[in-house]
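Working notes, beginning with the structure itself.
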Amino acid sequence: MNKLKGMNRTTRKNYLTYALVIAAYVILEAMMRGGGLKAATKGMLVPICAYIVMALSLNLTVGVMGELSLGHAGFMSVGAFTGTAATMCLQAAIPSTGLRLCIGIVIGAVAAAIIGFLIGIPVLRLRGDYLAIVTLAFGEIIKSLVGNVYMGVDHGQLRFSMFTNELNLSPEGKIIIEGAMGIRSIPKIATFTAGFILIMISLVVIFHMVGSRSGRAIMAIRDNYIAAESIGIPAFKYKITAFTISAAMAGAAGALFGNNYSSLIANKFNIDTSILILVFVVLGGQGNMLGSIIAAAALTILPEALRGFADYRMLMYAVILIAVMLVSNNAKIKDVLKNAAEKRTEKKLAKGGAADE
Amino acid sequence: MNMKKFFAIFLAAMMIFSLAACSGGSTEPVAPADGDTPEGELPESTVQIHIGATGPLTGGAAIYGQAVKNGAEIAVEEVNAMGGIQFIFQMEDDTHDPEKAENAYNALVDWGMDMMMGTVTSAPAEVTAADAYADRYFFLTPSASSTNVIDGKDNIFQMCFTDPNQGSGSATYISENNMGEKIAIIWKNDDSYSTGIRNTFVEKAGELGLEIVAEQTFTEATKTDFSVQISKCQEAGADLVFLPMYYEPASLILNQANAAGYAPTWFGVDGMDGILTMEGFDTSLAEGVVVLTPYSADDESALNQNFVKKYQEKFGEIPNQFAADGYDCIYAMYKAATEAGIDPASMDHEAICDAMVAQFTSMTFDGLTGASMTWGSDGTVSKLPNAVVIENGAYVGM
């Protein structure tokens, strides 16, 4: 207990995040083993994990780095398509689904990281609104490109073509990515456990990065670009590191997501998805990882929970979203909370119990 | 800091609430008995079958989901009034998104579905069909036409033609009836439905020696302005334009072509169906459009006249092919369930699935969208394609 008190606020918050994620996993997994989960809830576990990782990834760009990215679904798309194509190609070579999924996620993350790095070179030289608009454009470019790729395997070799199907596969060959029709007949190998592990890895990476020298440099650039540059922080280098890591995480989330559905189309990863993830981040609080996790989970479940409203479902969803956003930015409510908090601190001081910070 | 804590707790509470709510509510299903029939009158042994369906009830493709739902509801009422097997019908919204479709499917499983009346649109149906195949639920889709929905799955059946069938069917129809010398195609190249039909159309057109003079594409992002595509078709001198797409972009193409003074023969496939009931669309623009569909509302048969009359009374519009597909699906399931002696009280959904599959591959069914329909073991339906032309705001058989 003393040790816990000795830690600073950030470290405590990080441990709280880990603990909550582990607790949620243990409870849900136990319920699933015990058969206490409904099919609807069970079916949402993996997408929730994928969206949580997406929210964490975008929070690194938006919250920590302070740059608005509107094309994050593009990285998810790259990860989903490469990761899923990889697991499908390796189907015969690696019978173990766990290992195959793991390789798929790694490939998805690496592919998205490469794309993220390449896009980052021009994009991160911009700032503010300009950066946001260029990421939006890149997101759309990725969507269009992925929607026009044809890929097949034939006797152990990969074949690609763009725009039209010119793969000329032999009868034994198998088409994997079919342009606008995407990837089909995907074996569903993504599991909740894999999603949990991915969330934990993302958290570890983000917390360590934020707490490290690079993290402090990135936040210094965010808070005052000119001051940071003037003391010799290479802004571009730190920014591109963060952006690439963020893209890699989005790619991993995409690979997990792709391996959870039997078909995958490029159109899924459009601007709507990018905005949805941004909503998770904004609602959860920029820079607040626990907030992102809760917001991503809540907003993924919400439309399903509202099925009882039938035709008014999406209307209700929007109303609730607006209400939550308003409440969380309401000055009066903030004041009430602040006063309550001050009173509590005063009481503590009066009692003689030293405040721990 | 305290603000953040407060919202973390608030959101966590909200999440727990919604997880709990997830298990609960669902929309009111169509009740087995009519309001004027007291429940006590039904004999104890009444067989009740829960039929689940998913489709886009909101969003861009909602017209299809709504039509199927309306058609199916009319059929369910008729079936239940007959006093034999009682159907309880529940349709969940999937917003034409595979991810949401999977959620909708799971919600139906929780609801206690015995068999599934498919998913209305292709891309979501690919996901739900794979689930239904893995979980062994009998699955009959009214209108998901992609071959990938049924490929390699013994318990998945289609009420509509497959995409390749529509593409090659259109090419054959155009060639046999000499409808056009120079053909142009406008298609949506980021959409699986449109791409699938276009590919088989081009292939078949090549075999039949049809001349394709222009191929123009558009995407989700560019589906509002077609002036370039239209003028390219016009420059190429196309006298027939093939539009394998949904009704929404098609309505804009017709509108913009009209403004440009271009009037070729327009030829659409089943996605074009629905254009006449689209809000704010001037139906006079669709005059003379040819649609390849197995159903036309002006069919004289008593079965169809009854259906059109009821549909108009209830929903105030003329039914399209999707409504007819939904209606047929319910009747086909009713026929198969009656003949196979399905009873969920003594059979689980896997046993029902096996019995229904055996019944479906061996029976012949007469419905609104075709007479003497039969199903192959691959799940495809065999019935005659039929082209209708739009005249005075209604489909008329050719």
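Following the order of the structure tokens, first chain is A, next is B, and so on, with residues numbered from 1 inside each chain and ligands from 1 in the order they appear.
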Residues of chain A within 7 Å of chain B, only C-alpha atoms counted, as a short mmCIF file (atom, residue, chain, number, x, y, z; two decimals) with N, CA and C atoms, in the first residue's frame:
data_model
loop_
_atom_site.label_atom_id
_atom_site.label_comp_id
_atom_site.auth_asym_id
_atom_site.auth_seq_id
_atom_site.Cartn_x
_atom_site.Cartn_y
_atom_site.Cartn_z
N LYS A 38 -24.55 -14.33 -23.72
CA LYS A 38 -25.45 -14.46 -24.86
C LYS A 38 -24.63 -14.43 -26.15
N ALA A 39 -25.20 -15.02 -27.19
CA ALA A 39 -24.50 -15.03 -28.48
C ALA A 39 -24.19 -13.61 -28.95
N ALA A 40 -25.13 -12.69 -28.70
CA ALA A 40 -24.93 -11.31 -29.17
C ALA A 40 -23.72 -10.68 -28.49
N GLY A 43 -20.45 -12.40 -29.66
CA GLY A 43 -20.07 -12.00 -31.01
C GLY A 43 -19.41 -10.63 -31.06
N MET A 44 -19.64 -9.82 -30.03
CA MET A 44 -19.10 -8.46 -30.07
C MET A 44 -17.73 -8.35 -29.40
N GLY A 147 -9.32 -1.48 -52.69
CA GLY A 147 -10.51 -1.94 -53.40
C GLY A 147 -10.26 -2.34 -54.84
N ALA A 180 -12.99 -5.18 -55.48
CA ALA A 180 -14.06 -4.59 -54.67
C ALA A 180 -14.78 -5.65 -53.84
N MET A 181 -14.71 -6.90 -54.30
CA MET A 181 -15.41 -7.94 -53.55
C MET A 181 -14.62 -8.38 -52.33
N TYR A 261 -14.25 -12.05 -39.26
CA TYR A 261 -15.44 -12.08 -40.12
C TYR A 261 -15.15 -12.93 -41.33
N SER A 262 -16.20 -13.55 -41.86
CA SER A 262 -15.94 -14.45 -42.98
C SER A 262 -15.78 -13.70 -44.30
N SER A 263 -16.12 -12.41 -44.33
CA SER A 263 -15.79 -11.66 -45.54
C SER A 263 -15.35 -10.26 -45.15
N GLY A 291 -10.00 6.07 -20.67
CA GLY A 291 -11.19 6.68 -21.26
C GLY A 291 -11.47 6.14 -22.65
N ILE A 294 -12.89 2.58 -22.47
CA ILE A 294 -14.29 2.53 -22.05
C ILE A 294 -15.20 3.10 -23.14
N ALA A 295 -14.77 4.21 -23.75
CA ALA A 295 -15.60 4.81 -24.79
C ALA A 295 -15.75 3.87 -25.98
N ALA A 298 -18.10 1.05 -24.95
CA ALA A 298 -19.48 1.51 -24.76
C ALA A 298 -20.14 1.85 -26.09
N ILE A 301 -21.05 -1.25 -28.14
CA ILE A 301 -22.19 -2.00 -27.60
C ILE A 301 -23.49 -1.21 -27.78
N LEU A 302 -23.40 0.11 -27.65
CA LEU A 302 -24.61 0.94 -27.61
C LEU A 302 -25.61 0.67 -28.74
N GLU A 304 -26.15 -1.89 -30.47
CA GLU A 304 -26.74 -3.22 -30.33
C GLU A 304 -27.72 -3.23 -29.15
N ALA A 305 -27.34 -2.51 -28.09
CA ALA A 305 -28.20 -2.47 -26.92
C ALA A 305 -29.51 -1.74 -27.21
N ARG A 307 -31.31 -2.09 -29.86
CA ARG A 307 -32.14 -2.81 -30.83
C ARG A 307 -33.62 -2.78 -30.45
N GLY A 308 -33.89 -2.65 -29.14
CA GLY A 308 -35.27 -2.59 -28.70
C GLY A 308 -36.04 -1.41 -29.27
N PHE A 309 -35.34 -0.37 -29.69
CA PHE A 309 -36.01 0.81 -30.23
C PHE A 309 -36.36 0.65 -31.70
N ALA A 310 -36.02 -0.49 -32.27
CA ALA A 310 -36.33 -0.80 -33.67
C ALA A 310 -35.93 0.34 -34.60
N LYS A 334 -19.08 20.58 -14.45
CA LYS A 334 -17.65 20.57 -14.11
C LYS A 334 -17.41 21.28 -12.79
N LEU A 337 -18.57 19.28 -9.78
CA LEU A 337 -17.61 18.22 -9.48
C LEU A 337 -16.35 18.78 -8.82
#
Practice task
Would you mind writing down, as a PyMOL selection string, each residue of region 122-262 of chain B that DSSP on the backbone assigns to helix (DSSP H, G or I)?
Solution key: chain B and resi 122-135+147-150+163-176+192-208+220-222+227-235+247-259
Q | Residue contacts of region 270-277 of chain B (10 Å, only C-alpha atoms) excluding same-chain residues fewer than 4 positions away, as a ChimeraX atom specification | A | /B:61,63-64,67,121,143,145,160-161,163,166,193-194,243-251,281-286,289-295,317-323,390,393-395
Next on the checklist: Report as a list of chain:residue names all protein, DNA and RNA residues lying within 10 Å of region 357-362 of chain B, evaluated on only C-alpha atoms, omitting residues in the same chain fewer than 5 positions from it.
Outcome noted: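 Final neighbour list, sorted by chain and number: B:Phe138, B:Phe139, B:Leu140, B:Asp154, B:Asn155, B:Ile156, B:Phe157, B:Ala332, B:Met333, B:Lys335, B:Ala336, B:Ala337, B:Thr338, B:Glu339, B:Ala340, B:Ala351, B:Ile352, B:Thr374, B:Trp375, B:Gly376, B:Ser377, B:Asp378, B:Gly379, B:Thr380, B:Val381.
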| task | Might you pull out every residue within 8 Å of region 153-166 of chain A, with only C-alpha atoms counted and same-chain residues fewer than 2 positions away left off, and present them as a PyMOL selection string? | result | chain A and resi 89+148-151+168-170+172-176+178-179
Can you write out the residues you just picked, keeping C-alpha atoms, as an mmCIF file, in the first residue's frame?
data_model
loop_
_atom_site.group_PDB
_atom_site.id
_atom_site.type_symbol
_atom_site.label_atom_id
_atom_site.label_comp_id
_atom_site.auth_asym_id
_atom_site.auth_seq_id
_atom_site.Cartn_x
_atom_site.Cartn_y
_atom_site.Cartn_z
ATOM 1 C CA CYS A 89 -2.128 -18.192 -47.447
ATOM 2 C CA ASN A 148 -8.747 -2.498 -56.711
ATOM 3 C CA VAL A 149 -6.111 -5.071 -55.788
ATOM 4 C CA TYR A 150 -6.393 -8.634 -56.990
ATOM 5 C CA MET A 151 -4.218 -11.259 -55.349
ATOM 6 C CA ASN A 168 -4.496 -16.255 -64.756
ATOM 7 C CA LEU A 169 -4.605 -18.742 -61.939
ATOM 8 C CA SER A 170 -4.431 -22.443 -62.683
ATOM 9 C CA GLU A 172 -5.516 -25.379 -58.274
ATOM 10 C CA GLY A 173 -4.787 -21.716 -57.626
ATOM 11 C CA LYS A 174 -6.817 -19.796 -55.090
ATOM 12 C CA ILE A 175 -7.899 -16.179 -55.402
ATOM 13 C CA ILE A 176 -7.503 -14.325 -52.129
ATOM 14 C CA GLU A 178 -10.804 -9.984 -55.302
ATOM 15 C CA GLY A 179 -10.847 -6.230 -55.821
#
- Tell me, as a list in words, which residues lie within 10 Å of Ile74 (chain B), counting only C-alpha atoms; anything in the same chain fewer than 2 positions away does not count.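 Result of the neighbour search: Lys69, Asn70, Gly71, Ala72, Val76, Glu77, Glu78, Val79, Phe307, Lys310, Tyr311, Lys314, Ala323, Gly326, Tyr327 and Ile330 of chain B.
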List as a short mmCIF file (atom, residue, chain, number, x, y, z; two decimals) with C-alpha atoms, in the first residue's frame the protein and nucleic acid residues near Ala80 (chain A), meaning an atom at most 12 Å away when only C-alpha atoms are counted, but skip any in the same chain fewer than 6 places from it.
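Final output, out_38.cif:
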data_model
loop_
_atom_site.label_atom_id
_atom_site.label_comp_id
_atom_site.auth_asym_id
_atom_site.auth_seq_id
_atom_site.Cartn_x
_atom_site.Cartn_y
_atom_site.Cartn_z
CA ALA A 50 -10.17 -4.36 -32.22
CA ALA A 73 -9.26 3.50 -40.87
CA GLY A 74 -6.82 3.36 -43.78
CA ALA A 86 -1.45 -13.88 -44.73
CA THR A 87 -3.49 -16.15 -42.49
CA MET A 88 -5.34 -17.48 -45.52
CA LEU A 101 -3.37 -15.49 -36.09
CA GLY A 104 -1.21 -12.51 -39.32
CA ILE A 105 -1.33 -9.77 -36.70
CA VAL A 106 2.42 -9.22 -36.90
CA ILE A 107 2.31 -9.02 -40.69
CA GLY A 108 -0.66 -6.65 -40.52
CA ALA A 109 1.17 -4.44 -38.03
CA VAL A 110 4.38 -4.39 -40.06
CA ALA A 111 2.58 -3.62 -43.32
CA ALA A 112 0.62 -0.80 -41.72
CA LYS A 143 -9.39 2.59 -49.54
CA VAL A 146 -7.18 -1.77 -51.60
CA ILE A 177 -8.21 -10.64 -52.64
CA GLY A 182 -12.61 -8.13 -51.02
CA ILE A 183 -11.54 -11.30 -49.25
CA ILE A 186 -12.12 -16.29 -44.31
CA ALA A 190 -9.65 -14.38 -34.08
CA ALA A 248 1.36 -0.41 -36.54
CA MET A 249 -1.17 -0.73 -33.75
CA ALA A 250 -3.99 0.16 -36.12
CA GLY A 251 -2.70 -2.51 -38.49
CA ALA A 252 -2.67 -5.10 -35.73
CA ALA A 253 -6.22 -4.14 -34.79
CA GLY A 254 -7.22 -4.47 -38.42
CA ALA A 255 -5.70 -7.95 -38.70
CA LEU A 256 -7.61 -9.03 -35.60
CA PHE A 257 -10.82 -7.53 -36.99
CA GLY A 258 -10.37 -9.08 -40.43
CA ASN A 259 -9.82 -12.56 -39.05
CA ASN A 260 -13.09 -12.34 -37.14
CA TYR A 261 -15.44 -12.08 -40.12
CA SER A 263 -15.79 -11.66 -45.54
CA LEU A 264 -13.92 -8.39 -45.70
CA ILE A 265 -14.51 -5.47 -48.06
CA ALA A 266 -12.42 -2.34 -48.55
CA LYS A 268 -15.79 -0.99 -44.56
CA PHE A 269 -12.75 1.15 -43.76
#
Could you give me the residues within region 93-337 of chain A that DSSP places in strand (DSSP E), as a ChimeraX atom specification? /A:149-154,157-162,174-178
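When only C-alpha atoms are used to measure the gap to Ala355 (chain B), the shortest distance among B:His96, B:Met115, B:Ser301, B:Thr147 belongs to B:Met115.
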Q.
Between CA of Gly71 (chain A) and CA of Trp187 (chain B), what is the distance in Å, rounded to a tenth?
A.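 Spanning CA of Gly71 (chain A) to CA of Trp187 (chain B) is a straight-line distance of 26.2 Å.
Nearest-residue note for Met54 (chain A): choosing from A:Ala228, A:Ile322, A:Ala235, A:Met76, the minimum distance belongs to A:Met76, counting only C-alpha atoms.
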Quick check, in Å to one decimal: how far apart do CA of Met116 (chain B) and CA of Met347 (chain B) lie?
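Computing the Euclidean distance for CA of Met116 (chain B) and CA of Met347 (chain B) yields 15.5 Å.
Closest to Tyr238 (chain A) among A:Arg184, A:Arg125, A:Lys332, A:His72 is A:Arg125, based on only C-alpha atoms.
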